[in-house]
Structures are given as structure tokens and as C-alpha cells.
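This report concerns only the one structure given below.
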Amino acid sequence: MTRIDAHHHIWRPISASAAAADLGPRRRAHRWLDEPDMAAVRRDFTLNDLARETAAAGIDRTILVQVLPETDETAEFLALAAGTDLVAGVVGWADLTSHRVADTLAALRAAPGGELLLGIRHLVQGERDPDWLNRSDVRRGLHAVAAAGLAYDLLTLPHQLPAAIAAVRALPEATFVLDHLSKPPIAWGELQPWASLIRQLAAQPNVFCKLSGMVTEAERGHWSASALRPYADVVLEAFGPQRVMFGSDWPVCLLAASYEEVVAVAEELTAGLTEAERSEVFGGTATRAYRLT
């Protein structure tokens, strides 16, 4: 079985040491890393760093996901992915609200490594309008993503799930992938209304879910498999293993756990599945959702 990590990032913030080797993506401003609680990951993270982690954890291939709302970053990620067997593809960024979004997607596809573009993502979690996904210009952009044969990663918070549910229902021809279980309040131990909304979303056959991002939603420094299990169980029951895929969310996960720990807890949370079902979570689902070859 090819084991896939369906969600990770790389970055080289401008604030990082100038003495670092000038390899990988060019330096960019990452203002979100300037927050005090981000100090542990306010440094360079490259594909070489990732390769050491995946080798130790038994992960064969990965999906590199955008960090910044910049098509230049996406183009650079595609070129980097084309130069390594580790990265199976890229989930990039494009301005969904632009009338030229279809042209942007075509240009990314024509760029070096463009054949590795698997999907598009926007940081919906940062939008103040909880109904942002239902805006007419956003819906037009989602149609363009679907027409291009790309998946769309949903990065939402629980209060934005009703809009996500409406968007998924309105675009049955599109493929959606929910990131990080929509960031449930694990630290508070609350399941509702998140669980009910997840079940409504999962009722739509064109949406998948990443088993990712849980350790950083738990109480910082005090997470455990038992604290994560109720949330993982909801997702596995609602979507079924055939629509759930593992993602590390490295290096963000390092705020709470090492790469190997994240892989290990995902294995523990899925230990009750059959071997075939675990194979789906750790590879098969990502292969289908992102149309990997």
C-alpha cells in the first residue's frame, strides 16, 4: 500500500535567519507566523525537512497545500513538486471571486509542473462573512474549479459549515475536500452542533474529509488519543473510511506534536477499522479524491 499524507505545507518566512541555505521556495511574508503562539514554527520548513519526517514515519507520498493567497506561491510549489517523487501533487490558490479565475487555472496548468495541480483552496476560515461560500462570485469560481477537473479544499470553522453544506449541495458536479474536520472545539470537549453539521455535509456524496489538524485544536500540550477519538469517530462514521484521508498538517502540527506522533495517533484512531479500510484512509481515498495516478 502506498501511504499518503494528504495535507502538509512548506514555507520560508522573511523573518527567518538569512544564514539559512537558499534552497526551496523563495522567502515570503507570513504575517500569521508573527503571532506569539506561532514562535515554534517561525522558521524554514522545506521539502528536504519533510522527506526526513516521512521516511521515519513510513509515508510514501504527500500532497502539498497552499499557505498564502498568492498564485505565485502555487506556481512555485508546482515547480518544486515536479522535481521530487515525494510530492504527488499540489492544492493551490486562485482568486475565486475573479472573472478571470478560469484563465488563472489554465495558466497554472500550463506552468512548469502544472500537471500536478490537484485542487484549489481559499482560507475561508479567515472570512468575516459566515456565508462567504454562498456569494454569487464565489459560486462562479467554484464552478470554474469543477469545470477544470480540480478538487476544492474547504478550510472552514464550524460556524461556516452551513454555507459549506449549501455550496456542496449546489455543485454536485464538484469534488470537495473538508480540511481538519472543520476545526471542531476539541479543547472544550464539545461535539454539538459540529457533529450534526458534519453529518449533514457527509450526506452529500461529492465531499471527502481529511483526518488532520486535530492535535492543534485540542488543549495545547495536553492532547491525547482519547480526547481526539470522539471527533475522529464522528467523521469516520459519517463519511465512511472510503471518504476519509489522513493528513499531517505539518509543520503546523509541530505546535502540539511531532510528525511521527501525528501519524501514530491517526493509526491508533483507525485501529478498529479493517485492513482494507485503513488502506483507504492512508492512501486510497486521497488517490480517488484528487485523481492521483
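A note on labels: chains of the C-alpha cells are A, B, ... as shown, every chain counts residues from 1, and ligands are counted from 1 in their shown order.
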
Strand (DSSP E or B) residues, from DSSP on the backbone, in segment 202-246 of chain A, as number ranges by chain: A: 207-211, 244-246

Any chance you can output those residues with C-alpha atoms as a PDB file, in the first residue's frame?
ATOM      1  CA  VAL A 207     -17.394  15.637  -0.357  1.00  0.00           C
ATOM      2  CA  PHE A 208     -14.414  13.970   1.355  1.00  0.00           C
ATOM      3  CA  CYS A 209     -12.793  14.734   4.723  1.00  0.00           C
ATOM      4  CA  LYS A 210      -9.206  14.945   5.937  1.00  0.00           C
ATOM      5  CA  LEU A 211      -8.371  13.332   9.256  1.00  0.00           C
ATOM      6  CA  VAL A 244     -11.672   9.958   4.831  1.00  0.00           C
ATOM      7  CA  MET A 245      -7.955  10.588   4.230  1.00  0.00           C
ATOM      8  CA  PHE A 246      -5.022  11.112   6.567  1.00  0.00           C
TER       9      PHE A 246
END

For Glu217 of chain A: contacts at 8 Å, only C-alpha atoms, fewer than 3 positions along chain excluded, given as a list in words: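 Here the qualifying residues turn out to be Lys183, Pro184, Pro185, Ile186, Ala187, Gly213, Met214 and Arg220 of chain A.
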
Residues within 12 Å of segment 4-6 of chain A, only C-alpha atoms, excluding chain neighbours under 6 positions, as a ChimeraX atom specification: /A:50-51,53-55,57-65,86-91,118-119,153,177-180,208-213,244-250,259-260,262-263,266,278-290,292

Separation of atom CA of Leu236 of chain A from atom CA of His8 of chain A, in Å and rounded to one decimal: 20.9 Å

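For the choices A:Val101, A:Leu155, A:Leu273, A:Ile10, the atom-to-atom distance to Thr71 of chain A is smallest for A:Val101 when using only C-alpha atoms.
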
Between atom CA of Leu108 of chain A and atom CA of Trp93 of chain A - distance in Å to one decimal: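 These atoms are spaced 9.8 Å apart.
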
Who sits within 9 Å of segment 123-126 of chain A, only C-alpha atoms, same chain under 2 positions skipped, as number ranges by chain: A: 67-69, 121, 128-130, 132-133, 154-157, 160, 182

Let's have the selection written as a compact mmCIF listing (two decimals), in the first residue's frame, with N, CA, C and O atoms.
# COMPACT_ATOMS: atom_id res chain seq x y z
N VAL A 67 -0.31 27.95 1.31
CA VAL A 67 -0.28 28.64 2.59
C VAL A 67 -0.79 30.07 2.43
O VAL A 67 -1.61 30.54 3.22
N LEU A 68 -0.31 30.75 1.38
CA LEU A 68 -0.64 32.15 1.16
C LEU A 68 -1.59 32.32 -0.02
O LEU A 68 -1.57 31.51 -0.95
N PRO A 69 -2.41 33.36 -0.02
CA PRO A 69 -3.31 33.61 -1.15
C PRO A 69 -2.58 34.27 -2.31
O PRO A 69 -2.82 35.44 -2.65
N ARG A 121 -7.63 25.95 -2.94
CA ARG A 121 -8.11 26.22 -1.59
C ARG A 121 -8.05 27.71 -1.32
O ARG A 121 -7.18 28.42 -1.82
N ARG A 128 -14.85 37.07 7.30
CA ARG A 128 -15.79 37.50 8.34
C ARG A 128 -17.22 37.09 8.03
O ARG A 128 -18.02 36.85 8.94
N ASP A 129 -17.55 37.03 6.75
CA ASP A 129 -18.91 36.66 6.34
C ASP A 129 -19.07 35.14 6.45
O ASP A 129 -18.44 34.40 5.69
N PRO A 130 -19.90 34.65 7.38
CA PRO A 130 -20.06 33.19 7.51
C PRO A 130 -20.71 32.56 6.29
O PRO A 130 -20.64 31.34 6.12
N TRP A 132 -19.83 33.32 3.16
CA TRP A 132 -18.95 33.67 2.03
C TRP A 132 -19.04 32.67 0.90
O TRP A 132 -19.05 33.05 -0.28
N LEU A 133 -19.14 31.40 1.20
CA LEU A 133 -19.18 30.36 0.15
C LEU A 133 -20.45 30.42 -0.69
O LEU A 133 -20.52 29.80 -1.76
N LEU A 154 -12.09 22.69 1.39
CA LEU A 154 -12.87 23.56 2.27
C LEU A 154 -12.12 23.75 3.58
O LEU A 154 -11.99 22.81 4.36
N LEU A 155 -11.62 24.96 3.82
CA LEU A 155 -10.99 25.29 5.09
C LEU A 155 -11.95 26.19 5.85
O LEU A 155 -11.96 27.41 5.68
N THR A 156 -12.78 25.58 6.68
CA THR A 156 -13.84 26.30 7.37
C THR A 156 -13.76 26.08 8.88
O THR A 156 -13.13 25.15 9.36
N LEU A 157 -14.46 26.95 9.60
CA LEU A 157 -14.71 26.79 11.02
C LEU A 157 -16.13 26.26 11.19
O LEU A 157 -16.95 26.37 10.26
N GLN A 160 -19.14 28.10 9.90
CA GLN A 160 -19.22 28.27 8.45
C GLN A 160 -19.71 27.02 7.73
O GLN A 160 -19.88 27.02 6.51
N SER A 182 -13.09 20.63 9.85
CA SER A 182 -13.67 21.95 10.07
C SER A 182 -13.34 22.50 11.46
O SER A 182 -14.07 23.33 12.00

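Of the listed residues A:Arg12, A:His159, A:Arg140, A:Arg135, the one whose atoms come nearest to Ala195 of chain A is A:His159, with distances taken using only C-alpha atoms.
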
Test item, helix (DSSP H, G or I) assignment across segment 93-165 of chain A, answer as number ranges by chain: A: 101-110, 114-116, 124-126, 132-134, 136-147, 158-165

Please, could you write that set of residues out with N, CA and C atoms as a CSV table (one decimal), in the first residue's frame?
chain,number,residue,atom,x,y,z
A,101,VAL,N,-10.9,33.7,-13.2
A,101,VAL,CA,-10.4,32.6,-12.5
A,101,VAL,C,-10.1,31.4,-13.4
A,102,ALA,N,-10.9,31.2,-14.4
A,102,ALA,CA,-10.7,30.1,-15.4
A,102,ALA,C,-9.4,30.3,-16.1
A,103,ASP,N,-9.1,31.5,-16.5
A,103,ASP,CA,-7.8,31.8,-17.1
A,103,ASP,C,-6.6,31.6,-16.2
A,104,THR,N,-6.8,31.9,-14.9
A,104,THR,CA,-5.8,31.7,-13.9
A,104,THR,C,-5.5,30.2,-13.8
A,105,LEU,N,-6.5,29.4,-13.7
A,105,LEU,CA,-6.4,27.9,-13.6
A,105,LEU,C,-5.7,27.4,-14.8
A,106,ALA,N,-6.0,27.9,-16.0
A,106,ALA,CA,-5.4,27.4,-17.2
A,106,ALA,C,-3.9,27.8,-17.2
A,107,ALA,N,-3.6,29.0,-16.7
A,107,ALA,CA,-2.2,29.4,-16.7
A,107,ALA,C,-1.4,28.6,-15.7
A,108,LEU,N,-2.0,28.2,-14.6
A,108,LEU,CA,-1.3,27.4,-13.6
A,108,LEU,C,-1.0,26.0,-14.2
A,109,ARG,N,-2.0,25.5,-14.9
A,109,ARG,CA,-1.9,24.2,-15.6
A,109,ARG,C,-0.8,24.2,-16.6
A,110,ALA,N,-0.6,25.3,-17.3
A,110,ALA,CA,0.4,25.4,-18.3
A,110,ALA,C,1.8,25.7,-17.8
A,114,GLY,N,2.6,22.0,-13.9
A,114,GLY,CA,1.2,22.3,-13.9
A,114,GLY,C,0.3,21.1,-13.9
A,115,GLU,N,0.8,20.0,-14.4
A,115,GLU,CA,0.0,18.7,-14.4
A,115,GLU,C,-0.2,18.2,-13.0
A,116,LEU,N,0.6,18.7,-12.1
A,116,LEU,CA,0.5,18.3,-10.7
A,116,LEU,C,-0.5,19.1,-9.9
A,124,VAL,N,-11.1,30.2,3.8
A,124,VAL,CA,-12.4,30.7,4.2
A,124,VAL,C,-12.5,30.9,5.7
A,125,GLN,N,-11.8,30.2,6.5
A,125,GLN,CA,-11.8,30.4,7.9
A,125,GLN,C,-11.5,31.9,8.3
A,126,GLY,N,-10.8,32.6,7.5
A,126,GLY,CA,-10.5,34.0,7.8
A,126,GLY,C,-11.5,35.0,7.3
A,132,TRP,N,-19.8,33.3,3.2
A,132,TRP,CA,-18.9,33.7,2.0
A,132,TRP,C,-19.0,32.7,0.9
A,133,LEU,N,-19.1,31.4,1.2
A,133,LEU,CA,-19.2,30.4,0.2
A,133,LEU,C,-20.5,30.4,-0.7
A,134,ASN,N,-21.5,31.2,-0.2
A,134,ASN,CA,-22.7,31.3,-1.0
A,134,ASN,C,-22.8,32.6,-1.8
A,136,SER,N,-22.4,35.0,-4.9
A,136,SER,CA,-22.5,34.6,-6.3
A,136,SER,C,-21.2,34.5,-7.0
A,137,ASP,N,-20.3,35.5,-6.7
A,137,ASP,CA,-18.9,35.4,-7.4
A,137,ASP,C,-18.1,34.2,-6.9
A,138,VAL,N,-18.3,33.8,-5.6
A,138,VAL,CA,-17.6,32.7,-5.2
A,138,VAL,C,-18.1,31.4,-5.8
A,139,ARG,N,-19.4,31.3,-5.9
A,139,ARG,CA,-20.0,30.2,-6.6
A,139,ARG,C,-19.6,30.1,-8.0
A,140,ARG,N,-19.4,31.2,-8.7
A,140,ARG,CA,-19.0,31.2,-10.1
A,140,ARG,C,-17.5,30.6,-10.1
A,141,GLY,N,-16.7,31.0,-9.2
A,141,GLY,CA,-15.4,30.5,-9.1
A,141,GLY,C,-15.3,29.0,-8.8
A,142,LEU,N,-16.2,28.5,-7.9
A,142,LEU,CA,-16.3,27.1,-7.6
A,142,LEU,C,-16.7,26.3,-8.9
A,143,HIS,N,-17.6,26.9,-9.7
A,143,HIS,CA,-17.9,26.2,-10.9
A,143,HIS,C,-16.7,26.1,-11.8
A,144,ALA,N,-15.9,27.1,-11.9
A,144,ALA,CA,-14.7,27.1,-12.7
A,144,ALA,C,-13.7,26.0,-12.3
A,145,VAL,N,-13.6,25.9,-11.0
A,145,VAL,CA,-12.7,24.9,-10.4
A,145,VAL,C,-13.2,23.5,-10.8
A,146,ALA,N,-14.5,23.3,-10.7
A,146,ALA,CA,-15.0,22.0,-11.0
A,146,ALA,C,-14.9,21.7,-12.5
A,147,ALA,N,-15.1,22.8,-13.3
A,147,ALA,CA,-15.0,22.6,-14.8
A,147,ALA,C,-13.6,22.3,-15.2
A,158,PRO,N,-16.5,25.7,12.3
A,158,PRO,CA,-17.8,25.1,12.5
A,158,PRO,C,-19.0,26.0,12.1
A,159,HIS,N,-18.9,27.3,12.5
A,159,HIS,CA,-20.0,28.2,12.2
A,159,HIS,C,-20.1,28.5,10.7
A,160,GLN,N,-19.1,28.1,9.9
A,160,GLN,CA,-19.2,28.3,8.4
A,160,GLN,C,-19.7,27.0,7.7
A,161,LEU,N,-20.0,25.9,8.5
A,161,LEU,CA,-20.4,24.7,7.9
A,161,LEU,C,-21.7,24.8,7.2
A,162,PRO,N,-22.7,25.5,7.7
A,162,PRO,CA,-24.0,25.7,6.9
A,162,PRO,C,-23.8,26.2,5.5
A,163,ALA,N,-22.9,27.2,5.3
A,163,ALA,CA,-22.6,27.7,4.0
A,163,ALA,C,-21.9,26.6,3.1
A,164,ALA,N,-21.0,25.8,3.8
A,164,ALA,CA,-20.3,24.8,3.1
A,164,ALA,C,-21.3,23.7,2.6
A,165,ILE,N,-22.2,23.4,3.5
A,165,ILE,CA,-23.3,22.4,3.1
A,165,ILE,C,-24.1,22.8,1.9
